[in-house]
Amino acid sequence: KTPSPPRRRCPRMIVLTRRAIAAVICGIAPAAAWMSGSTTNAGLVNNLVRDKVIRDSRVATAMKEVDRADFCPPASRPYDDRPLSIGHQATISAPHMHAHVLGLLKDNLVEGSRALDVGVGSGYLATVMAQMVGESGKVIGMDVIPELVDLSRRNVQKHWHRLLAPPEPRVVLTHGDGWAGVPGELFDAIHVGAAAESIPRALVDQLKPGGRMIVPVGVDRQALVLVEKRPDGTVEEKSLFGVMYVPLVKKRPGGAA
C-alpha cells in the first residue's frame with residue numbers, strides 16, 4: 001500500500017497553535033489568549049468574561065468603571081488585549097493580565113483594604129484597585145521613574161481626580177524604590193508590575209497576616225508568583241505560570257533609578 005503523503009498544515013492552523021502556546025504561557029484558555037479585544041471598554045471586559053479570564057463580578061464591574069483608554073497613549077488601540085508602550089521602557093499590561101491579577105487579589109481588595117501597586121506606570125491598575133477597596137480603602141501606587149508618577153497622576157485626574165483629593169486621598173501616587181516598598185506600612189494586597197530577580201523581602205514584611213502579593217520573579221525565565229502570609233505569619237510562595245515583564249529597577253544611591 002502506497003503511504004499517504006503527509007498532510008500540510010495550513011497557515012491558519014500555525015497561527016492558532018502559536019496563540020495556544022501564548023495562552024499556556026499566560027495561564028489562560030487557548031481560545032482566550034490575546035483574543036478578548038474589542039472596540040469599547042465595556043466590550044473588552046465582556047469578552048474577558050466570555051473567555052473566562054474574568055470569573056468574578058466585582059472584578060468585571062471595577063474594570064468597566066475605569067476606561068482603559070484614559071491610561072493608554074493617544075492614537076493607540078486601548079481596547080486590544082495586548083500590552084502598550086507608555087514610554088520610559090515601560091508598558092501598560094495586557095487587559096487579560098490585569099484581569100488575572102485582580103482575580104487573584106480580589107479577596108484582599110474589599111471595602112477598607114489597603115493595597116500597594118509597585119511600578120504604578122500608567123496608573124490604571126491602581127485606579128481599578130481603588131474601586132474595589134471602596135470609600136474607606138486606600139491604594140498607594142509607586143514608581144522608581146518620576147516621569148511615570150507624573151503620567152499616572154495626569155491619567156487619574158482625567159476622570160478620577162476625586163481619588164487624589166485631600167485630606168484623605170484614596171489613591172496616593174509617589175516616587176520610590178519598589179524593592180523597599182513603603183516602610184512602616186502594612187498592606188492587605190500588593191501587586192508588583194515588574195520582574196524582580198528574587199522576591200523582595202521588604203514587601204513580604206509589609207504584608208498583613210492574611211495578605212497576598214502578586215510578583216513576577218526571574219531574569220531570563222520569569223514566573224508570576226503568588227505570595228501568601230498566613231494568619232500565623234508564615235509565608236507560602238506559589239509559582240503560577242510563565243510571564244515576561246520588564247525588570248524591577250532598583251533605586252541607586254543619590255535618588256536616580
# chains A, B, ... in the order shown; residues from 1 in each chain; ligands from 1
>>> residues_around(residues="Gly218 of chain A", least_positions_apart="5", cutoff="8 Å", atoms="only C-alpha atoms", output="list of chain:residue names")
A:Ala195, A:Ala196, A:Glu197, A:Ser198, A:Ala223
>>> select_by_dssp(residues="segment 1-241 of chain A", states="helix (DSSP H, G or I)", output="PyMOL selection string")
chain A and resi 11-26+41-50+57-65+68-71+95-108+124-133+146-159+161-164+201-205
>>> write_last_selection(atoms="C-alpha atoms", output="PDB file, in the first residue's frame")
ATOM      1  CA  PRO A  11      -1.153  28.915   7.828  1.00  0.00           C
ATOM      2  CA  ARG A  12      -4.260  29.466   9.947  1.00  0.00           C
ATOM      3  CA  MET A  13      -3.530  26.337  11.945  1.00  0.00           C
ATOM      4  CA  ILE A  14       0.010  27.571  12.568  1.00  0.00           C
ATOM      5  CA  VAL A  15      -1.328  30.892  13.827  1.00  0.00           C
ATOM      6  CA  LEU A  16      -3.758  29.158  16.151  1.00  0.00           C
ATOM      7  CA  THR A  17      -1.008  26.933  17.505  1.00  0.00           C
ATOM      8  CA  ARG A  18       1.117  29.963  18.316  1.00  0.00           C
ATOM      9  CA  ARG A  19      -1.821  31.571  20.076  1.00  0.00           C
ATOM     10  CA  ALA A  20      -2.364  28.387  22.039  1.00  0.00           C
ATOM     11  CA  ILE A  21       1.279  28.431  23.144  1.00  0.00           C
ATOM     12  CA  ALA A  22       0.893  32.049  24.237  1.00  0.00           C
ATOM     13  CA  ALA A  23      -2.192  31.040  26.176  1.00  0.00           C
ATOM     14  CA  VAL A  24      -0.377  28.299  28.050  1.00  0.00           C
ATOM     15  CA  ILE A  25       2.376  30.763  28.966  1.00  0.00           C
ATOM     16  CA  CYS A  26      -0.192  33.246  30.265  1.00  0.00           C
ATOM     17  CA  ASN A  41     -14.067  49.280  27.221  1.00  0.00           C
ATOM     18  CA  ALA A  42     -17.318  47.507  28.069  1.00  0.00           C
ATOM     19  CA  GLY A  43     -16.865  45.202  25.087  1.00  0.00           C
ATOM     20  CA  LEU A  44     -13.334  44.348  26.200  1.00  0.00           C
ATOM     21  CA  VAL A  45     -14.476  43.429  29.718  1.00  0.00           C
ATOM     22  CA  ASN A  46     -17.451  41.468  28.385  1.00  0.00           C
ATOM     23  CA  ASN A  47     -15.097  39.483  26.155  1.00  0.00           C
ATOM     24  CA  LEU A  48     -12.786  38.767  29.084  1.00  0.00           C
ATOM     25  CA  VAL A  49     -15.831  37.432  30.948  1.00  0.00           C
ATOM     26  CA  ARG A  50     -16.892  35.418  27.895  1.00  0.00           C
ATOM     27  CA  SER A  57     -18.384  40.086  39.091  1.00  0.00           C
ATOM     28  CA  ARG A  58     -16.549  42.638  41.286  1.00  0.00           C
ATOM     29  CA  VAL A  59     -13.506  42.474  39.005  1.00  0.00           C
ATOM     30  CA  ALA A  60     -15.718  42.933  35.945  1.00  0.00           C
ATOM     31  CA  THR A  61     -17.545  45.893  37.489  1.00  0.00           C
ATOM     32  CA  ALA A  62     -14.323  47.636  38.527  1.00  0.00           C
ATOM     33  CA  MET A  63     -12.709  47.182  35.107  1.00  0.00           C
ATOM     34  CA  LYS A  64     -15.837  48.505  33.403  1.00  0.00           C
ATOM     35  CA  GLU A  65     -15.872  51.595  35.619  1.00  0.00           C
ATOM     36  CA  ARG A  68      -8.528  51.830  29.826  1.00  0.00           C
ATOM     37  CA  ALA A  69      -8.295  54.496  27.109  1.00  0.00           C
ATOM     38  CA  ASP A  70      -7.607  57.138  29.773  1.00  0.00           C
ATOM     39  CA  PHE A  71      -4.374  55.338  30.605  1.00  0.00           C
ATOM     40  CA  PRO A  95      -6.014  43.523  29.896  1.00  0.00           C
ATOM     41  CA  HIS A  96      -6.051  39.757  30.444  1.00  0.00           C
ATOM     42  CA  MET A  97      -3.038  40.101  32.766  1.00  0.00           C
ATOM     43  CA  HIS A  98      -4.739  42.844  34.761  1.00  0.00           C
ATOM     44  CA  ALA A  99      -7.820  40.642  34.986  1.00  0.00           C
ATOM     45  CA  HIS A 100      -5.728  37.725  36.264  1.00  0.00           C
ATOM     46  CA  VAL A 101      -4.034  39.855  38.914  1.00  0.00           C
ATOM     47  CA  LEU A 102      -7.314  41.322  40.152  1.00  0.00           C
ATOM     48  CA  GLY A 103      -8.873  37.871  40.275  1.00  0.00           C
ATOM     49  CA  LEU A 104      -6.015  36.561  42.404  1.00  0.00           C
ATOM     50  CA  LEU A 105      -6.182  39.544  44.771  1.00  0.00           C
ATOM     51  CA  LYS A 106      -9.962  40.057  44.851  1.00  0.00           C
ATOM     52  CA  ASP A 107     -10.485  38.677  48.362  1.00  0.00           C
ATOM     53  CA  ASN A 108      -7.875  41.144  49.643  1.00  0.00           C
ATOM     54  CA  TYR A 124      -4.609  52.086  35.522  1.00  0.00           C
ATOM     55  CA  LEU A 125      -4.386  49.169  37.933  1.00  0.00           C
ATOM     56  CA  ALA A 126      -4.147  51.425  41.000  1.00  0.00           C
ATOM     57  CA  THR A 127      -7.353  53.151  39.877  1.00  0.00           C
ATOM     58  CA  VAL A 128      -9.180  49.846  39.367  1.00  0.00           C
ATOM     59  CA  MET A 129      -7.961  48.664  42.761  1.00  0.00           C
ATOM     60  CA  ALA A 130      -9.383  51.856  44.286  1.00  0.00           C
ATOM     61  CA  GLN A 131     -12.832  50.901  43.005  1.00  0.00           C
ATOM     62  CA  MET A 132     -12.542  47.543  44.755  1.00  0.00           C
ATOM     63  CA  VAL A 133     -11.282  48.800  48.140  1.00  0.00           C
ATOM     64  CA  PRO A 146       9.389  60.153  38.387  1.00  0.00           C
ATOM     65  CA  GLU A 147       8.006  60.789  34.895  1.00  0.00           C
ATOM     66  CA  LEU A 148       5.746  57.757  35.219  1.00  0.00           C
ATOM     67  CA  VAL A 149       4.432  59.005  38.557  1.00  0.00           C
ATOM     68  CA  ASP A 150       3.579  62.279  36.815  1.00  0.00           C
ATOM     69  CA  LEU A 151       1.958  60.364  33.935  1.00  0.00           C
ATOM     70  CA  SER A 152      -0.143  58.252  36.287  1.00  0.00           C
ATOM     71  CA  ARG A 153      -1.295  61.368  38.138  1.00  0.00           C
ATOM     72  CA  ARG A 154      -2.351  63.061  34.876  1.00  0.00           C
ATOM     73  CA  ASN A 155      -4.212  59.936  33.789  1.00  0.00           C
ATOM     74  CA  VAL A 156      -6.091  59.554  37.073  1.00  0.00           C
ATOM     75  CA  GLN A 157      -7.041  63.240  37.032  1.00  0.00           C
ATOM     76  CA  LYS A 158      -8.886  62.837  33.712  1.00  0.00           C
ATOM     77  CA  HIS A 159     -11.953  61.257  35.302  1.00  0.00           C
ATOM     78  CA  HIS A 161      -9.462  63.282  40.300  1.00  0.00           C
ATOM     79  CA  ARG A 162     -11.588  62.822  43.433  1.00  0.00           C
ATOM     80  CA  LEU A 163      -9.485  59.745  44.263  1.00  0.00           C
ATOM     81  CA  LEU A 164      -6.491  62.069  44.721  1.00  0.00           C
ATOM     82  CA  ARG A 201      11.762  40.629  51.358  1.00  0.00           C
ATOM     83  CA  ALA A 202      10.755  44.145  52.349  1.00  0.00           C
ATOM     84  CA  LEU A 203       7.448  43.674  50.513  1.00  0.00           C
ATOM     85  CA  VAL A 204       6.829  40.335  52.217  1.00  0.00           C
ATOM     86  CA  ASP A 205       7.395  42.055  55.559  1.00  0.00           C
TER      87      ASP A 205
END
>>> atom_distance(atom1="atom CA of Ile86 of chain A", atom2="atom CA of Ala165 of chain A")
24.8 Å
>>> residues_around(residues="segment 73-77 of chain A", least_positions_apart="5", cutoff="9 Å", atoms="only C-alpha atoms", output="PyMOL selection string")
chain A and resi 39+84-86
>>> closest_residue(among="A:Arg212, A:Lys229, A:Lys52, A:Arg114", to="Arg170 of chain A", atoms="only C-alpha atoms")
A:Arg114
>>> select_by_dssp(residues="segment 12-180 of chain A", states="strand (DSSP E)", output="ChimeraX atom specification")
/A:84-87,90-92,114-118,138-143,171-175
>>> atom_distance(atom1="atom CA of Gly121 of chain A", atom2="atom CA of Pro200 of chain A")
18.8 Å
>>> residues_around(residues="segment 177-186 of chain A", least_positions_apart="4", cutoff="7 Å", atoms="only C-alpha atoms", output="MDAnalysis selection string")
chainID A and resid 118:119 142:144 200 202:203 206:208 250:251
>>> write_last_selection(atoms="all heavy atoms", output="compact mmCIF listing (two decimals), in the first residue's frame")
# COMPACT_ATOMS: atom_id res chain seq x y z
N VAL A 118 3.23 48.43 43.04
CA VAL A 118 4.63 48.76 42.76
C VAL A 118 4.84 48.76 41.25
O VAL A 118 4.51 47.79 40.57
CB VAL A 118 5.57 47.74 43.43
CG1 VAL A 118 7.01 47.98 43.00
CG2 VAL A 118 5.45 47.81 44.95
N GLY A 119 5.43 49.85 40.75
CA GLY A 119 5.54 50.01 39.30
C GLY A 119 4.22 50.49 38.76
O GLY A 119 3.64 49.89 37.85
N MET A 142 3.39 53.37 43.47
CA MET A 142 4.73 53.93 43.49
C MET A 142 5.50 53.50 42.24
O MET A 142 5.25 52.44 41.68
CB MET A 142 5.48 53.54 44.76
CG MET A 142 5.86 52.09 44.86
SD MET A 142 6.62 51.69 46.48
CE MET A 142 7.69 53.10 46.75
N ASP A 143 6.43 54.36 41.84
CA ASP A 143 7.29 54.04 40.69
C ASP A 143 8.64 54.67 40.90
O ASP A 143 8.74 55.78 41.46
CB ASP A 143 6.67 54.53 39.38
CG ASP A 143 7.08 53.68 38.20
OD1 ASP A 143 8.28 53.71 37.85
OD2 ASP A 143 6.23 52.97 37.64
N VAL A 144 9.68 53.99 40.44
CA VAL A 144 11.03 54.50 40.57
C VAL A 144 11.34 55.58 39.53
O VAL A 144 12.30 56.31 39.67
CB VAL A 144 12.04 53.32 40.48
CG1 VAL A 144 12.15 52.82 39.04
CG2 VAL A 144 13.40 53.71 41.03
N PRO A 200 11.12 40.39 46.73
CA PRO A 200 11.61 41.43 47.65
C PRO A 200 11.16 41.19 49.09
O PRO A 200 9.97 41.20 49.38
CB PRO A 200 10.98 42.72 47.08
CG PRO A 200 10.68 42.40 45.64
CD PRO A 200 10.29 40.95 45.65
N ALA A 202 11.42 43.00 51.71
CA ALA A 202 10.75 44.15 52.35
C ALA A 202 9.26 44.13 52.06
O ALA A 202 8.45 44.49 52.93
CB ALA A 202 11.38 45.45 51.88
N LEU A 203 8.87 43.72 50.87
CA LEU A 203 7.45 43.67 50.51
C LEU A 203 6.74 42.55 51.26
O LEU A 203 5.59 42.70 51.68
CB LEU A 203 7.29 43.51 49.01
CG LEU A 203 7.84 44.65 48.15
CD1 LEU A 203 7.53 44.42 46.67
CD2 LEU A 203 7.29 46.01 48.59
N GLN A 206 5.89 43.71 54.57
CA GLN A 206 4.81 44.70 54.59
C GLN A 206 3.43 44.11 54.32
O GLN A 206 2.44 44.83 54.30
CB GLN A 206 5.13 45.82 53.60
CG GLN A 206 6.29 46.69 54.05
CD GLN A 206 6.83 47.60 52.98
OE1 GLN A 206 6.12 48.02 52.07
NE2 GLN A 206 8.12 47.92 53.07
N LEU A 207 3.36 42.80 54.12
CA LEU A 207 2.07 42.13 54.01
C LEU A 207 1.47 41.93 55.40
O LEU A 207 2.15 41.47 56.32
CB LEU A 207 2.22 40.77 53.34
CG LEU A 207 2.25 40.68 51.82
CD1 LEU A 207 2.48 39.23 51.41
CD2 LEU A 207 0.97 41.21 51.20
N LYS A 208 0.20 42.25 55.54
CA LYS A 208 -0.51 41.91 56.77
C LYS A 208 -0.69 40.39 56.86
O LYS A 208 -0.69 39.70 55.83
CB LYS A 208 -1.90 42.56 56.79
CG LYS A 208 -1.93 44.06 56.90
CD LYS A 208 -3.37 44.54 56.92
CE LYS A 208 -3.48 46.04 57.00
NZ LYS A 208 -4.90 46.49 57.01
N LYS A 250 16.06 48.93 40.64
CA LYS A 250 16.42 49.37 42.00
C LYS A 250 16.84 50.83 41.97
O LYS A 250 17.49 51.29 41.03
CB LYS A 250 17.56 48.52 42.56
CG LYS A 250 17.16 47.09 42.85
CD LYS A 250 18.29 46.32 43.50
CE LYS A 250 17.88 44.89 43.83
NZ LYS A 250 18.96 44.13 44.46
N LYS A 251 16.47 51.54 43.01
CA LYS A 251 16.86 52.94 43.13
C LYS A 251 18.32 53.03 43.53
O LYS A 251 18.76 52.39 44.50
CB LYS A 251 15.98 53.63 44.17
CG LYS A 251 16.03 55.14 44.13
CD LYS A 251 14.98 55.73 45.05
CE LYS A 251 14.95 57.24 44.99
NZ LYS A 251 13.94 57.80 45.90
>>> closest_residue(among="A:Gly87, A:Gly37, A:Gly112, A:Gly193", to="Cys72 of chain A", atoms="only C-alpha atoms")
A:Gly87
>>> closest_residue(among="A:Val53, A:Val139, A:Ala194, A:Val235", to="Pro209 of chain A", atoms="only C-alpha atoms")
A:Val235
>>> closest_residue(among="A:Val227, A:Met35, A:Ile140, A:Val219", to="Met244 of chain A", atoms="only C-alpha atoms")
A:Val219
